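Single-structure report; data block below.
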Amino acid sequence: MKLTYLLFLAVGSLMLAGCSNQKKTDHQTEDTTATLDETAAPLHQRLNKYEEVTLTTDLNKLTAKEKQMIPLLIQVAKIMDSIFWYEAYGQRDSLLTAIKDGATRRLAQINYGPWDRLDNNAPFIKGVGPKPEGANFYPTDITKEEFEKADLKDKKSQYTLLRRDQNGKLITVPYHVQFKEQVEKAADLLRQAASLAEDAGLQKYLTLRAEALLTDNYQPSDLAWMDMKTNTIDFVVGPIEVYEDKLFNYKAAHEAYVLIKDQEWSKKLARYAAFLPELQRGLPVPDKYKKEKPGTDSDLNAYDVIYYAGDCNAGSKTIAINLPNDEEVQLKKGTRRLQLKNAMRAKFDKIMQPIANTLIAEDQRQHVTFDAFFATTMFHEVAHGLGIKNLVNGRGTVRDALKEKGSALEEGKADILGLYMINQLHRKGEIQGDMKDYYTTFLAGIFRSVRFGAASAHGQANMVRFNFFAEHGAFERNEKNGTYRVNYAKMEEAMNKLSERILTLQGNGDYAGVGQLLTEQGKIDSRLQADLDRLSQANIPVDVVFDQGAEVLGL
């Protein structure tokens with residue numbers, strides 16, 4: 001159901017949780033009165049972007065001990081949620097307590113702060129300024145120049161906050177120090193869950209992950225996670241993705257997923273990982289940009305997700321996971337790709353299908369299918385393992401060279417190489433179905449993701465791809481009815497050209513070149529915006545929110 005809270009729209013005055021004092025190191029509530037920003041989009045329109053979905057699965061496949069584990073893991077996830085609130089905004093309780101209106105409070109909860117993540121982080125409370133690029137990982141008054149000059153050996157660590165001492169000098173604070181109370185509680189719960197684990201691999205991982213939260217040394221638990229093969233329950237937890245840090249893309253944000261493996265679907269997917277080295281060799285790019293060999297221990301699995309928390313639950317919701325992010329682990333072991341089947345199905349039914357019925361040419365709508373959506377999403381995650389992680393000149397990693405611009409380009413790479421993989425595997429007879437299904441569903445998927453806006457790395461990546469495809473004739477727009485038709489031959493040509501450009505930018509560590517690509521192509525023109533507005537006018541949601549928890553599961 002839509003989150004339309006019309007009963008709450010008589011908005012009284014709010015206490016503003018502000019961040020206007022530039023010397024603060026996080027966003028504290030001030031004794032300032034403010035109201036909803038009347039220049040911003042109406043509150044009910046913002047809430048109507050979301051469709052509520054219940055997260056559940058068949059628990060009969062679980063043993064008694066596995067059912068006992070689930071509430072413990074959800075408790076850990078809730079701790080990650082509270083930590084992410086601090087990283088994204090600051091003092092959660094001060095903000096939510098100050099908001100007297102139920103609808104506004106719900107919108108703040110969805111967005112982990114007073115900025116609308118599906119509207120390029122526009123503030124929806126009057127008096128709140130722009131969201132700091134560095135969220136709450138850095139002092140709000142920090143500049144890039146000050147950061148670069150600071151002589152702090154662990155300033156680029158994914159697991160430190162930047163703060164000021166009493167003299168205003170920059171210092172670093174390790175996550176396990178800043179969040180000592182929270183991670184100690186989380187580690188204890190993880191050890192309790194490990195004691196219930198009947199799968200040896202899961203038990204080892206949970207034990208090592210508990211230690212990692214206390215030390216910020218995540219590699220041993222990442223390696224253990226890669227070794228898990230026979231577990232039914234999975235738990236992704238900790239500081240993982242760097243999207244929230246738009247200043248440098250250095251700082252990892254806390255999140256958690258509680259997952260139940262679909263053993264039957266996973267068996268269908270297992271064979272694809274074996275093709276990674278061959279697909280790497282066939283990339284449409286010179287040899288020096290594909291010289292790295294992807295790990296062969298990668299695997300693909302399908303899951304039902306039963307709980308989201310923290311970063312993955314903020315704004316647009318993740319429907320597939322590719323981890324670990326540690327380049328050393330990737331080169332040694334590969335990665336694991338987790339497809340969140342129930343969340344994916346909800347987005348297809350509630351969002352993708354209605355978008356196709358509005359924007360795709362009528363005679364091509366039959367080619368927008370769930371199987372193609374599942375495949376393009378899955379191979380997006382697989383494609384993160386292709387390409388190059390270290391610069392061709394040997395002077396560091398792609399991640400360090402591209403800084404805050406790296407995430408959008410990496411997401412763009414994964415999207416386009418995912419389609420490339422489908423094309424190649426289809427030719428080999430390893431993937432069934434009509435390639436028209438995959439190309440048409442891919443175009444419809446661009447319309448879905450571009451609505452996330454430039455505040456999302458995925459949204460910006462889709463803007464680049466849409467404009468690149470338009471320039472190369474991969475689709476045409478019918479001016480009479482505003483629908484889009486895929487040109488299947490030109491789609492493949494554009495796919496290869498964009499793949500080469502992205503991989504070359506990454507391998508060269510071309511920070512300026514990536515900036516130029518994102519500036520020139522990463523924008524929505526007026527005609528596309530008008531078409532996206534038609535989706536909103538048709539009440540097609542942008543994303544989903546979840547009714548979730550132990551109570552929902554009957555535990």
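Quick note on naming: the chains in the structure tokens go A, B, ... in the order shown, residues restart at 1 in each chain, and ligands are numbered from 1 in order of appearance.
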Per-residue DSSP, range 248-487 of chain A, filtered to alpha helix (DSSP H), as a PyMOL selection string: chain A and resi 263-269+276-281+327-333+341-347+353-359+370-383+398-402+406-427+435-450+457-471
Close residues, Ile416 in chain A itself excluded, 9 Å, only C-alpha atoms, min 2 positions apart in chain, as a ChimeraX atom specification: /A:380,383,411-414,418-421,465,495-496,498-499
Exercise: range 235-241 of chain A partners within 6 Å, only C-alpha atoms, chain neighbours under 6 positions left out, as a list in words: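 The residues that qualify are Ala252, Ala253, His254, Glu255, Ala256, Tyr257 and Val258 of chain A.
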Spatial neighbours of Leu505 in chain A, max dist 7 Å, only C-alpha atoms, sep filter under 5 positions, as number ranges by chain: A: 510, 513-514
With C-alpha atoms kept, could you save the residues just selected as a compact mmCIF listing (two decimals), in the first residue's frame?
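Saved file again-v8.txt follows:
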# COMPACT_ATOMS: atom_id res chain seq x y z
CA ASP A 510 41.22 9.34 -15.05
CA GLY A 513 37.69 12.21 -17.51
CA VAL A 514 35.16 10.60 -15.19
Counting only C-alpha atoms, the residue of A:Leu359, A:Val242, A:Ala470, A:Met226 that sits nearest Asp311 in chain A: A:Val242
Determine which residues of range 181-313 of chain A receive a DSSP assignment of strand (DSSP E), computed from the backbone, and state them as a PDB file with C-alpha atoms, in the first residue's frame.
ATOM      1  CA  ILE A 233      20.839 -18.504   6.932  1.00  0.00           C
ATOM      2  CA  ASP A 234      23.124 -15.693   5.840  1.00  0.00           C
ATOM      3  CA  PHE A 235      23.864 -12.397   7.540  1.00  0.00           C
ATOM      4  CA  VAL A 236      25.577  -9.443   5.893  1.00  0.00           C
ATOM      5  CA  VAL A 237      26.595  -7.009   8.628  1.00  0.00           C
ATOM      6  CA  GLY A 238      29.037  -4.204   9.333  1.00  0.00           C
ATOM      7  CA  PRO A 239      30.433  -1.088   7.638  1.00  0.00           C
ATOM      8  CA  ILE A 240      30.381  -2.038   3.964  1.00  0.00           C
ATOM      9  CA  GLU A 241      29.461   0.387   1.154  1.00  0.00           C
ATOM     10  CA  ALA A 253      28.552   2.922   6.274  1.00  0.00           C
ATOM     11  CA  HIS A 254      26.959   0.362   8.593  1.00  0.00           C
ATOM     12  CA  GLU A 255      24.171  -1.891   7.381  1.00  0.00           C
ATOM     13  CA  ALA A 256      22.724  -5.383   7.740  1.00  0.00           C
ATOM     14  CA  TYR A 257      20.644  -7.915   5.831  1.00  0.00           C
ATOM     15  CA  VAL A 258      19.116 -11.063   7.338  1.00  0.00           C
ATOM     16  CA  LEU A 259      18.767 -13.623   4.552  1.00  0.00           C
ATOM     17  CA  ILE A 260      17.326 -17.089   3.924  1.00  0.00           C
ATOM     18  CA  LYS A 261      18.859 -18.995   1.004  1.00  0.00           C
ATOM     19  CA  ASP A 299      29.365 -18.007  -6.390  1.00  0.00           C
ATOM     20  CA  LEU A 300      25.808 -16.944  -7.133  1.00  0.00           C
ATOM     21  CA  ASN A 301      22.899 -17.559  -4.820  1.00  0.00           C
ATOM     22  CA  ALA A 302      19.267 -16.533  -4.504  1.00  0.00           C
ATOM     23  CA  TYR A 303      17.787 -15.466  -1.168  1.00  0.00           C
ATOM     24  CA  ASP A 304      14.659 -14.187   0.440  1.00  0.00           C
ATOM     25  CA  VAL A 305      15.578 -11.161   2.522  1.00  0.00           C
ATOM     26  CA  ILE A 306      13.675 -10.829   5.798  1.00  0.00           C
ATOM     27  CA  TYR A 307      15.288  -7.734   7.323  1.00  0.00           C
ATOM     28  CA  TYR A 308      17.066  -4.609   6.052  1.00  0.00           C
ATOM     29  CA  ALA A 309      18.878  -2.110   8.290  1.00  0.00           C
ATOM     30  CA  GLY A 310      21.106   0.927   7.905  1.00  0.00           C
TER      31      GLY A 310
END
Within 9 Å of Pro132 in chain A using only C-alpha atoms, minus same-chain residues under 6 positions, as a PyMOL selection string: chain A and resi 19+138+140-141+246-247
Distance query Leu409 in chain A at most 10 Å, only C-alpha atoms, self and fewer than 2 positions along chain excluded, as an MDAnalysis selection string: chainID A and resid 402 404:407 411:415 457:458 460:461 464 502:503 505:506 514:515 517:518
Could the residues in this selection be saved with C-alpha atoms as a PDB file, in the first residue's frame?
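Below is the file again.pdb, written as the result:
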ATOM      1  CA  LEU A 402      38.611   8.113  -8.662  1.00  0.00           C
ATOM      2  CA  GLU A 404      34.009  10.303  -4.801  1.00  0.00           C
ATOM      3  CA  LYS A 405      33.400   9.848  -8.539  1.00  0.00           C
ATOM      4  CA  GLY A 406      34.269   6.161  -8.411  1.00  0.00           C
ATOM      5  CA  SER A 407      30.972   4.748  -7.145  1.00  0.00           C
ATOM      6  CA  GLU A 411      27.782   1.072 -10.888  1.00  0.00           C
ATOM      7  CA  GLY A 412      27.691   2.100 -14.537  1.00  0.00           C
ATOM      8  CA  LYS A 413      30.364  -0.472 -15.331  1.00  0.00           C
ATOM      9  CA  ALA A 414      28.451  -3.230 -13.555  1.00  0.00           C
ATOM     10  CA  ASP A 415      25.230  -2.377 -15.401  1.00  0.00           C
ATOM     11  CA  ALA A 457      25.298   6.360  -7.540  1.00  0.00           C
ATOM     12  CA  HIS A 458      22.924   3.954  -9.306  1.00  0.00           C
ATOM     13  CA  GLN A 460      23.585   8.847 -11.836  1.00  0.00           C
ATOM     14  CA  ALA A 461      24.983   5.781 -13.608  1.00  0.00           C
ATOM     15  CA  VAL A 464      24.894   8.426 -18.140  1.00  0.00           C
ATOM     16  CA  ILE A 502      34.210   3.069 -18.681  1.00  0.00           C
ATOM     17  CA  LEU A 503      36.905   0.388 -18.386  1.00  0.00           C
ATOM     18  CA  LEU A 505      38.593   5.545 -17.502  1.00  0.00           C
ATOM     19  CA  GLN A 506      38.900   3.151 -14.574  1.00  0.00           C
ATOM     20  CA  VAL A 514      35.158  10.603 -15.190  1.00  0.00           C
ATOM     21  CA  GLY A 515      34.088  14.053 -14.010  1.00  0.00           C
ATOM     22  CA  LEU A 517      31.498  12.006 -18.380  1.00  0.00           C
ATOM     23  CA  LEU A 518      29.288  12.464 -15.319  1.00  0.00           C
TER      24      LEU A 518
END
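Minimum atom-to-atom distances from A:Arg477, A:Arg281, A:His384, A:Lys291 to Arg337 in chain A were compared using only C-alpha atoms, and the lowest value belongs to A:His384.
The two atoms in question, CA of Ala474 in chain A and CA of Lys490 in chain A, are spaced 4.8 Å apart.
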Residue nearest Met491 in chain A among A:Met378, A:Leu196, A:Leu443, A:Ile351 (counting only C-alpha atoms):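 Using only C-alpha atoms, Met491 in chain A sits closest to A:Leu443.
Taking CA of Trp85 in chain A as the reference point, CA of His176 in chain A is found at 16.0 Å.
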Nearest candidate to Thr57 in chain A (options A:Asn342, A:Thr519, A:Thr160, A:Thr376; using only C-alpha atoms): A:Asn342
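For the residues A:Asn423, A:Thr232, A:Gln364, A:Gln68, ranking by smallest atom-to-atom distance to Leu189 in chain A using only C-alpha atoms places A:Gln68 first.
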One-decimal distance in Å that lies between CA of Ala88 in chain A and CA of Ala135 in chain A: 5.2 Å
For Leu96 in chain A, the nearest of the candidates A:Tyr112, A:Tyr205, A:Tyr159, A:Phe84, counting only C-alpha atoms: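 Residue with the minimum atom-to-atom distance to Leu96 in chain A: A:Tyr112.
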Non-local contacts of Tyr175 in chain A (10 Å; only C-alpha atoms; under 3 positions in same chain excluded) as JSON, numbers by chain: {"A": [83, 158, 159, 160, 161, 172, 178, 179, 180, 183, 213, 214, 215, 216, 239, 252]}
Output the selection as a short mmCIF file (atom, residue, chain, number, x, y, z; two decimals), in the first residue's frame - N, CA and C atoms for each residue.
data_model
loop_
_atom_site.label_atom_id
_atom_site.label_comp_id
_atom_site.auth_asym_id
_atom_site.auth_seq_id
_atom_site.Cartn_x
_atom_site.Cartn_y
_atom_site.Cartn_z
N ILE A 83 23.69 2.97 14.30
CA ILE A 83 25.01 3.50 13.93
C ILE A 83 24.92 4.26 12.61
N GLN A 158 38.56 3.09 5.62
CA GLN A 158 37.10 2.98 5.55
C GLN A 158 36.46 2.99 6.93
N TYR A 159 37.27 2.80 7.97
CA TYR A 159 36.72 2.55 9.30
C TYR A 159 37.16 3.60 10.33
N THR A 160 37.34 4.85 9.87
CA THR A 160 37.61 5.95 10.81
C THR A 160 36.70 7.12 10.49
N LEU A 161 36.34 7.86 11.53
CA LEU A 161 35.66 9.14 11.38
C LEU A 161 36.71 10.24 11.50
N THR A 172 41.52 11.48 13.79
CA THR A 172 40.72 10.34 13.36
C THR A 172 40.26 9.57 14.59
N GLN A 178 34.51 4.90 18.44
CA GLN A 178 33.34 5.77 18.41
C GLN A 178 32.07 5.01 18.81
N PHE A 179 31.95 3.78 18.35
CA PHE A 179 30.72 3.00 18.56
C PHE A 179 30.95 1.86 19.54
N LYS A 180 31.82 2.07 20.52
CA LYS A 180 32.24 1.01 21.42
C LYS A 180 31.06 0.30 22.08
N VAL A 183 28.97 -1.76 19.38
CA VAL A 183 29.59 -2.94 18.77
C VAL A 183 29.85 -4.03 19.80
N LEU A 213 33.93 -6.44 14.39
CA LEU A 213 33.24 -5.24 14.88
C LEU A 213 34.02 -4.59 16.02
N LEU A 214 34.75 -5.39 16.78
CA LEU A 214 35.49 -4.87 17.94
C LEU A 214 36.87 -4.36 17.58
N THR A 215 37.35 -4.68 16.37
CA THR A 215 38.73 -4.33 16.00
C THR A 215 38.84 -3.55 14.69
N ASP A 216 37.78 -3.52 13.89
CA ASP A 216 37.78 -2.93 12.55
C ASP A 216 38.69 -3.69 11.58
N PRO A 239 30.21 -2.23 8.54
CA PRO A 239 30.43 -1.09 7.64
C PRO A 239 30.88 -1.62 6.28
N ALA A 252 33.09 3.73 4.93
CA ALA A 252 32.06 2.70 4.82
C ALA A 252 30.95 2.94 5.84
#
